[in-house]
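Next comes upload.pdb, with PDB, C-alpha atoms.
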ATOM      1  CA  MET A   1      68.282 -23.129 -21.954
ATOM      2  CA  ARG A   2      64.995 -23.432 -23.762
ATOM      3  CA  GLY A   3      61.673 -21.713 -23.559
ATOM      4  CA  ASN A   4      58.156 -22.205 -24.825
ATOM      5  CA  LEU A   5      55.358 -19.726 -25.446
ATOM      6  CA  ARG A   6      51.666 -20.670 -25.369
ATOM      7  CA  GLN A   7      48.653 -18.398 -25.792
ATOM      8  CA  ARG A   8      46.093 -18.884 -23.016
ATOM      9  CA  THR A   9      43.444 -16.370 -24.031
ATOM     10  CA  LYS A  10      43.497 -13.268 -26.186
ATOM     11  CA  GLY A  11      46.224 -11.061 -24.750
ATOM     12  CA  SER A  12      47.453 -13.645 -22.221
ATOM     13  CA  TRP A  13      50.513 -15.839 -22.732
ATOM     14  CA  THR A  14      52.222 -18.517 -20.651
ATOM     15  CA  ILE A  15      55.999 -18.716 -20.797
ATOM     16  CA  THR A  16      57.654 -21.993 -19.817
ATOM     17  CA  VAL A  17      61.425 -21.879 -19.331
ATOM     18  CA  ASP A  18      63.711 -24.798 -18.510
ATOM     19  CA  ILE A  19      65.886 -23.971 -15.508
ATOM     20  CA  GLY A  20      67.951 -27.148 -15.414
ATOM     21  CA  LYS A  21      67.720 -30.393 -13.513
ATOM     22  CA  ASP A  22      67.171 -30.854  -9.802
ATOM     23  CA  PRO A  23      70.602 -31.801  -8.401
ATOM     24  CA  VAL A  24      69.077 -34.308  -5.977
ATOM     25  CA  THR A  25      66.386 -36.038  -8.032
ATOM     26  CA  GLY A  26      67.687 -35.306 -11.528
ATOM     27  CA  GLU A  27      64.189 -34.258 -12.597
ATOM     28  CA  ARG A  28      63.658 -31.480 -15.121
ATOM     29  CA  GLN A  29      62.729 -28.134 -13.541
ATOM     30  CA  GLN A  30      60.719 -25.384 -15.227
ATOM     31  CA  ARG A  31      59.581 -21.883 -14.414
ATOM     32  CA  TYR A  32      56.169 -20.667 -15.538
ATOM     33  CA  GLU A  33      55.156 -17.057 -15.966
ATOM     34  CA  THR A  34      52.030 -15.399 -17.324
ATOM     35  CA  VAL A  35      52.438 -12.301 -19.480
ATOM     36  CA  HIS A  36      49.641  -9.963 -20.566
ATOM     37  CA  GLY A  37      49.909  -8.196 -23.905
ATOM     38  CA  ASN A  38      50.668  -9.233 -27.447
ATOM     39  CA  LYS A  39      52.963 -12.021 -28.597
ATOM     40  CA  GLY A  40      55.889  -9.613 -28.998
ATOM     41  CA  VAL A  41      55.703  -8.607 -25.323
ATOM     42  CA  ALA A  42      55.653 -12.281 -24.334
ATOM     43  CA  GLN A  43      58.615 -13.083 -26.600
ATOM     44  CA  ASP A  44      60.579 -10.155 -25.130
ATOM     45  CA  ARG A  45      59.899 -11.375 -21.588
ATOM     46  CA  MET A  46      60.881 -14.935 -22.475
ATOM     47  CA  SER A  47      64.112 -13.622 -23.961
ATOM     48  CA  GLU A  48      64.784 -11.628 -20.754
ATOM     49  CA  LEU A  49      64.191 -14.736 -18.638
ATOM     50  CA  LEU A  50      66.474 -16.904 -20.758
ATOM     51  CA  THR A  51      69.232 -14.273 -20.687
ATOM     52  CA  GLU A  52      68.870 -13.819 -16.913
ATOM     53  CA  ILE A  53      69.062 -17.573 -16.317
ATOM     54  CA  ALA A  54      72.044 -17.967 -18.672
ATOM     55  CA  LYS A  55      73.971 -15.152 -16.934
ATOM     56  CA  HIS A  56      73.074 -15.697 -13.278
ATOM     57  CA  GLY A  57      71.319 -19.039 -13.020
ATOM     58  CA  TYR A  58      67.819 -19.307 -11.655
ATOM     59  CA  VAL A  59      67.205 -17.552  -8.355
ATOM     60  CA  LYS A  60      63.791 -18.002  -6.759
ATOM     61  CA  THR A  61      62.459 -14.796  -5.225
ATOM     62  CA  PRO A  62      60.803 -15.172  -1.825
ATOM     63  CA  LYS A  63      57.023 -14.599  -1.874
ATOM     64  CA  GLY A  64      55.952 -11.210  -0.567
ATOM     65  CA  LEU A  65      59.303  -9.519  -1.181
ATOM     66  CA  THR A  66      58.803  -5.913  -2.278
ATOM     67  CA  VAL A  67      61.222  -3.568  -4.007
ATOM     68  CA  ALA A  68      61.439  -1.567  -0.748
ATOM     69  CA  SER A  69      62.370  -4.575   1.395
ATOM     70  CA  TYR A  70      64.921  -5.721  -1.184
ATOM     71  CA  LEU A  71      66.542  -2.277  -1.329
ATOM     72  CA  GLU A  72      66.636  -1.947   2.465
ATOM     73  CA  GLY A  73      68.365  -5.324   2.628
ATOM     74  CA  TRP A  74      70.804  -4.261  -0.089
ATOM     75  CA  LEU A  75      71.620  -1.049   1.778
ATOM     76  CA  ASN A  76      72.197  -2.907   5.057
ATOM     77  CA  ASP A  77      73.902  -6.050   3.774
ATOM     78  CA  TYR A  78      75.960  -4.796   0.845
ATOM     79  CA  VAL A  79      76.298  -1.019   0.784
ATOM     80  CA  ALA A  80      76.991  -0.619   4.517
ATOM     81  CA  VAL A  81      79.796  -3.194   4.318
ATOM     82  CA  ASN A  82      81.379  -2.436   0.939
ATOM     83  CA  CYS A  83      81.084   1.314   0.412
ATOM     84  CA  ALA A  84      82.668   4.483   1.770
ATOM     85  CA  PRO A  85      80.682   6.561   4.293
ATOM     86  CA  LYS A  86      79.783   9.295   1.770
ATOM     87  CA  THR A  87      78.635   6.678  -0.752
ATOM     88  CA  ILE A  88      76.498   4.990   1.915
ATOM     89  CA  GLU A  89      74.922   8.331   2.771
ATOM     90  CA  SER A  90      74.309   9.149  -0.899
ATOM     91  CA  TYR A  91      72.831   5.747  -1.813
ATOM     92  CA  SER A  92      70.659   5.666   1.309
ATOM     93  CA  GLY A  93      69.287   9.119   0.598
ATOM     94  CA  LEU A  94      68.522   8.368  -3.043
ATOM     95  CA  VAL A  95      66.885   5.034  -2.287
ATOM     96  CA  ARG A  96      64.772   6.318   0.605
ATOM     97  CA  LYS A  97      63.829   9.679  -0.919
ATOM     98  CA  HIS A  98      63.232   8.769  -4.571
ATOM     99  CA  ILE A  99      63.095   5.049  -5.286
ATOM    100  CA  ILE A 100      61.132   3.604  -2.366
ATOM    101  CA  PRO A 101      58.342   6.235  -2.485
ATOM    102  CA  GLU A 102      57.953   5.683  -6.245
ATOM    103  CA  ILE A 103      58.209   1.909  -6.654
ATOM    104  CA  GLY A 104      58.811   0.471  -3.187
ATOM    105  CA  LYS A 105      55.422  -1.256  -2.944
ATOM    106  CA  LEU A 106      55.860  -3.194  -6.190
ATOM    107  CA  PRO A 107      56.370  -6.939  -5.748
ATOM    108  CA  PHE A 108      60.029  -7.649  -6.432
ATOM    109  CA  ASP A 109      59.347 -10.712  -8.578
ATOM    110  CA  ARG A 110      57.178  -8.622 -10.928
ATOM    111  CA  PHE A 111      59.697  -5.799 -11.204
ATOM    112  CA  ARG A 112      61.145  -5.289 -14.671
ATOM    113  CA  ASN A 113      63.521  -2.926 -16.458
ATOM    114  CA  ARG A 114      60.548  -1.475 -18.332
ATOM    115  CA  ALA A 115      58.982  -0.411 -15.032
ATOM    116  CA  ILE A 116      62.165   1.431 -14.095
ATOM    117  CA  CYS A 117      62.324   3.202 -17.463
ATOM    118  CA  ARG A 118      58.659   4.241 -17.345
ATOM    119  CA  ARG A 119      58.998   5.640 -13.816
ATOM    120  CA  CYS A 120      62.227   7.487 -14.626
ATOM    121  CA  THR A 121      60.710   9.024 -17.761
ATOM    122  CA  ALA A 122      57.577  10.083 -15.887
ATOM    123  CA  LYS A 123      59.666  11.623 -13.083
ATOM    124  CA  ARG A 124      61.950  13.412 -15.560
ATOM    125  CA  ASN A 125      58.940  14.855 -17.422
ATOM    126  CA  SER A 126      57.084  15.937 -14.276
ATOM    127  CA  PRO A 127      57.072  19.668 -13.440
ATOM    128  CA  ASP A 128      58.664  19.144  -9.960
TER
END

File written out as structure tokens:
Amino acid sequence: MRGNLRQRTKGSWTITVDIGKDPVTGERQQRYETVHGNKGVAQDRMSELLTEIAKHGYVKTPKGLTVASYLEGWLNDYVAVNCAPKTIESYSGLVRKHIIPEIGKLPFDRFRNRAICRRCTAKRNSPD
């Protein structure tokens, strides 16, 4: 997989990543993403995208999907079928009490590991 980085304006970068060829038409397919910050931030994000595509292939996220709706689907479709009753209860409680109130409204396609780390650090350092 290959990627390209192009500066749009000061502090704004466009990442272009090849995601393979269309199996029907054979045409080259690309994913575009805009990143705000310095070049290092953009390079890190491009590296994340390339790694993600290399490991799992490219999966298009439906528009409008939030972290909350994704997690509810995960609880219902995966956890409820594959986990023990106590695990289901534990995961459901954690997701609904801690994760969804904190980051549930975030768009799923804009959700990154950095967002998780920042929220966890903030929660850990809060006086609650």

Please expand the PyMOL selection byres ((chain A and resi 72) around 12) into the concrete residues it hits in this file, giving the result as a PyMOL selection string. chain A and resi 65-71+73-80+91-96+99-100+104

Once you have the residues from the selection above, write them out as an mmCIF file, in the coordinates of the input, restricted to C-alpha atoms.
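Generated output (part.cif):
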data_model
loop_
_atom_site.group_PDB
_atom_site.id
_atom_site.type_symbol
_atom_site.label_atom_id
_atom_site.label_comp_id
_atom_site.auth_asym_id
_atom_site.auth_seq_id
_atom_site.Cartn_x
_atom_site.Cartn_y
_atom_site.Cartn_z
ATOM 1 C CA LEU A 65 59.303 -9.519 -1.181
ATOM 2 C CA THR A 66 58.803 -5.913 -2.278
ATOM 3 C CA VAL A 67 61.222 -3.568 -4.007
ATOM 4 C CA ALA A 68 61.439 -1.567 -0.748
ATOM 5 C CA SER A 69 62.370 -4.575 1.395
ATOM 6 C CA TYR A 70 64.921 -5.721 -1.184
ATOM 7 C CA LEU A 71 66.542 -2.277 -1.329
ATOM 8 C CA GLY A 73 68.365 -5.324 2.628
ATOM 9 C CA TRP A 74 70.804 -4.261 -0.089
ATOM 10 C CA LEU A 75 71.620 -1.049 1.778
ATOM 11 C CA ASN A 76 72.197 -2.907 5.057
ATOM 12 C CA ASP A 77 73.902 -6.050 3.774
ATOM 13 C CA TYR A 78 75.960 -4.796 0.845
ATOM 14 C CA VAL A 79 76.298 -1.019 0.784
ATOM 15 C CA ALA A 80 76.991 -0.619 4.517
ATOM 16 C CA TYR A 91 72.831 5.747 -1.813
ATOM 17 C CA SER A 92 70.659 5.666 1.309
ATOM 18 C CA GLY A 93 69.287 9.119 0.598
ATOM 19 C CA LEU A 94 68.522 8.368 -3.043
ATOM 20 C CA VAL A 95 66.885 5.034 -2.287
ATOM 21 C CA ARG A 96 64.772 6.318 0.605
ATOM 22 C CA ILE A 99 63.095 5.049 -5.286
ATOM 23 C CA ILE A 100 61.132 3.604 -2.366
ATOM 24 C CA GLY A 104 58.811 0.471 -3.187
#

Mind giving me the straight-line distance from atom CA of Asn38 of chain A to atom CA of Arg6 of chain A in Å, one decimal? 11.7 Å

Residue by residue, what does the PyMOL selection byres ((chain A and resi 7) around 12) grab here? Present the result as a PyMOL selection string. chain A and resi 4-6+8-16+33-40+42-43

Straight-line distance linking atom CA of Asp22 of chain A with atom CA of Ile53 of chain A, stated in Å to one decimal: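 It comes out at 14.9 Å.
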
Tell me which of A:Val17, A:Ile103, A:Ala122, A:Val81 sits closest to Arg45 of chain A, counting all atoms listed in the file.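 Comparing A:Val17, A:Ile103, A:Ala122, A:Val81 against Arg45 of chain A, the winner is A:Val17.
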
One number please: atom CA of Gly3 of chain A to atom CA of Thr51 of chain A, in Å, one decimal.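 According to the coordinates, atom CA of Gly3 of chain A and atom CA of Thr51 of chain A are separated by 11.0 Å.
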
Quick check on the file I pasted: which residues fall under the PyMOL selection byres ((chain A and resi 18) around 6)? Write them as a list in words. Met1, Arg2, Val17, Ile19, Gly20 and Gln30 of chain A

For the selection just defined, write its residues with C-alpha atoms to a file, as a JSON list (two decimals), in the coordinates of the input.
[["chain", "number", "residue", "atom", "x", "y", "z"],
["A", 1, "MET", "CA", 68.28, -23.13, -21.95],
["A", 2, "ARG", "CA", 65.00, -23.43, -23.76],
["A", 17, "VAL", "CA", 61.42, -21.88, -19.33],
["A", 19, "ILE", "CA", 65.89, -23.97, -15.51],
["A", 20, "GLY", "CA", 67.95, -27.15, -15.41],
["A", 30, "GLN", "CA", 60.72, -25.38, -15.23]]

If you count all atoms listed in the file, the residue of A:Lys123, A:Glu27, A:Glu48, A:Cys117 closest to Pro101 of chain A turns out to be A:Lys123

Quick one: residues within 6 Å of (57.0, -11.9, -3.9) (file frame), counting all atoms listed in the file, please, as a PyMOL selection string. chain A and resi 62-65+107-109

Can segment 44-55 of chain A be brought up to all heavy atoms and written out as an mmCIF file, keeping the file's coordinate frame?
data_model
loop_
_atom_site.group_PDB
_atom_site.id
_atom_site.type_symbol
_atom_site.label_atom_id
_atom_site.label_comp_id
_atom_site.auth_asym_id
_atom_site.auth_seq_id
_atom_site.Cartn_x
_atom_site.Cartn_y
_atom_site.Cartn_z
ATOM 1 N N ASP A 44 59.556 -10.980 -25.782
ATOM 2 C CA ASP A 44 60.579 -10.155 -25.130
ATOM 3 C C ASP A 44 60.833 -10.626 -23.702
ATOM 4 O O ASP A 44 61.972 -10.726 -23.250
ATOM 5 C CB ASP A 44 60.165 -8.682 -25.118
ATOM 6 C CG ASP A 44 60.220 -8.041 -26.489
ATOM 7 O OD1 ASP A 44 60.802 -8.645 -27.420
ATOM 8 O OD2 ASP A 44 59.655 -6.931 -26.642
ATOM 9 N N ARG A 45 59.751 -10.922 -22.972
ATOM 10 C CA ARG A 45 59.899 -11.375 -21.588
ATOM 11 C C ARG A 45 60.582 -12.740 -21.531
ATOM 12 O O ARG A 45 61.420 -12.981 -20.671
ATOM 13 C CB ARG A 45 58.532 -11.414 -20.890
ATOM 14 C CG ARG A 45 58.585 -11.919 -19.484
ATOM 15 C CD ARG A 45 59.468 -11.023 -18.599
ATOM 16 N NE ARG A 45 59.663 -11.630 -17.309
ATOM 17 C CZ ARG A 45 60.780 -11.589 -16.608
ATOM 18 N NH1 ARG A 45 61.815 -10.903 -17.041
ATOM 19 N NH2 ARG A 45 60.863 -12.184 -15.439
ATOM 20 N N MET A 46 60.236 -13.628 -22.445
ATOM 21 C CA MET A 46 60.881 -14.935 -22.475
ATOM 22 C C MET A 46 62.376 -14.778 -22.759
ATOM 23 O O MET A 46 63.208 -15.438 -22.130
ATOM 24 C CB MET A 46 60.240 -15.844 -23.519
ATOM 25 C CG MET A 46 60.814 -17.258 -23.492
ATOM 26 S SD MET A 46 59.922 -18.455 -24.497
ATOM 27 C CE MET A 46 60.221 -17.844 -26.135
ATOM 28 N N SER A 47 62.711 -13.888 -23.653
ATOM 29 C CA SER A 47 64.112 -13.622 -23.961
ATOM 30 C C SER A 47 64.846 -13.081 -22.732
ATOM 31 O O SER A 47 65.978 -13.488 -22.440
ATOM 32 C CB SER A 47 64.201 -12.636 -25.122
ATOM 33 O OG SER A 47 65.528 -12.355 -25.431
ATOM 34 N N GLU A 48 64.193 -12.159 -21.990
ATOM 35 C CA GLU A 48 64.784 -11.628 -20.754
ATOM 36 C C GLU A 48 65.038 -12.751 -19.753
ATOM 37 O O GLU A 48 66.100 -12.799 -19.123
ATOM 38 C CB GLU A 48 63.843 -10.608 -20.099
ATOM 39 C CG GLU A 48 63.780 -9.264 -20.750
ATOM 40 C CD GLU A 48 62.745 -8.359 -20.088
ATOM 41 O OE1 GLU A 48 62.253 -8.690 -18.984
ATOM 42 O OE2 GLU A 48 62.414 -7.325 -20.679
ATOM 43 N N LEU A 49 64.045 -13.622 -19.576
ATOM 44 C CA LEU A 49 64.191 -14.736 -18.638
ATOM 45 C C LEU A 49 65.341 -15.651 -19.025
ATOM 46 O O LEU A 49 66.155 -16.034 -18.179
ATOM 47 C CB LEU A 49 62.894 -15.552 -18.571
ATOM 48 C CG LEU A 49 61.756 -14.976 -17.769
ATOM 49 C CD1 LEU A 49 60.493 -15.815 -17.974
ATOM 50 C CD2 LEU A 49 62.105 -14.922 -16.299
ATOM 51 N N LEU A 50 65.412 -16.016 -20.300
ATOM 52 C CA LEU A 50 66.474 -16.904 -20.758
ATOM 53 C C LEU A 50 67.852 -16.277 -20.580
ATOM 54 O O LEU A 50 68.802 -16.946 -20.158
ATOM 55 C CB LEU A 50 66.239 -17.303 -22.216
ATOM 56 C CG LEU A 50 65.042 -18.219 -22.457
ATOM 57 C CD1 LEU A 50 64.750 -18.339 -23.950
ATOM 58 C CD2 LEU A 50 65.267 -19.583 -21.839
ATOM 59 N N THR A 51 67.966 -14.980 -20.863
ATOM 60 C CA THR A 51 69.232 -14.273 -20.687
ATOM 61 C C THR A 51 69.617 -14.223 -19.216
ATOM 62 O O THR A 51 70.767 -14.472 -18.847
ATOM 63 C CB THR A 51 69.141 -12.847 -21.266
ATOM 64 O OG1 THR A 51 68.796 -12.934 -22.643
ATOM 65 C CG2 THR A 51 70.446 -12.100 -21.101
ATOM 66 N N GLU A 52 68.645 -13.896 -18.364
ATOM 67 C CA GLU A 52 68.870 -13.819 -16.913
ATOM 68 C C GLU A 52 69.340 -15.170 -16.369
ATOM 69 O O GLU A 52 70.299 -15.243 -15.602
ATOM 70 C CB GLU A 52 67.562 -13.398 -16.244
ATOM 71 C CG GLU A 52 67.596 -13.258 -14.754
ATOM 72 C CD GLU A 52 66.217 -12.879 -14.235
ATOM 73 O OE1 GLU A 52 65.608 -11.941 -14.767
ATOM 74 O OE2 GLU A 52 65.763 -13.542 -13.291
ATOM 75 N N ILE A 53 68.694 -16.240 -16.787
ATOM 76 C CA ILE A 53 69.062 -17.573 -16.317
ATOM 77 C C ILE A 53 70.438 -17.969 -16.839
ATOM 78 O O ILE A 53 71.252 -18.538 -16.104
ATOM 79 C CB ILE A 53 67.987 -18.601 -16.717
ATOM 80 C CG1 ILE A 53 66.704 -18.337 -15.931
ATOM 81 C CG2 ILE A 53 68.470 -20.024 -16.487
ATOM 82 C CD1 ILE A 53 65.488 -19.074 -16.436
ATOM 83 N N ALA A 54 70.740 -17.635 -18.095
ATOM 84 C CA ALA A 54 72.044 -17.967 -18.672
ATOM 85 C C ALA A 54 73.174 -17.217 -17.958
ATOM 86 O O ALA A 54 74.242 -17.778 -17.718
ATOM 87 C CB ALA A 54 72.061 -17.643 -20.157
ATOM 88 N N LYS A 55 72.931 -15.964 -17.581
ATOM 89 C CA LYS A 55 73.971 -15.152 -16.934
ATOM 90 C C LYS A 55 74.133 -15.486 -15.458
ATOM 91 O O LYS A 55 75.250 -15.578 -14.957
ATOM 92 C CB LYS A 55 73.636 -13.664 -17.051
ATOM 93 C CG LYS A 55 73.896 -13.072 -18.403
ATOM 94 C CD LYS A 55 73.624 -11.593 -18.377
ATOM 95 C CE LYS A 55 73.852 -10.958 -19.727
ATOM 96 N NZ LYS A 55 73.524 -9.530 -19.725
#
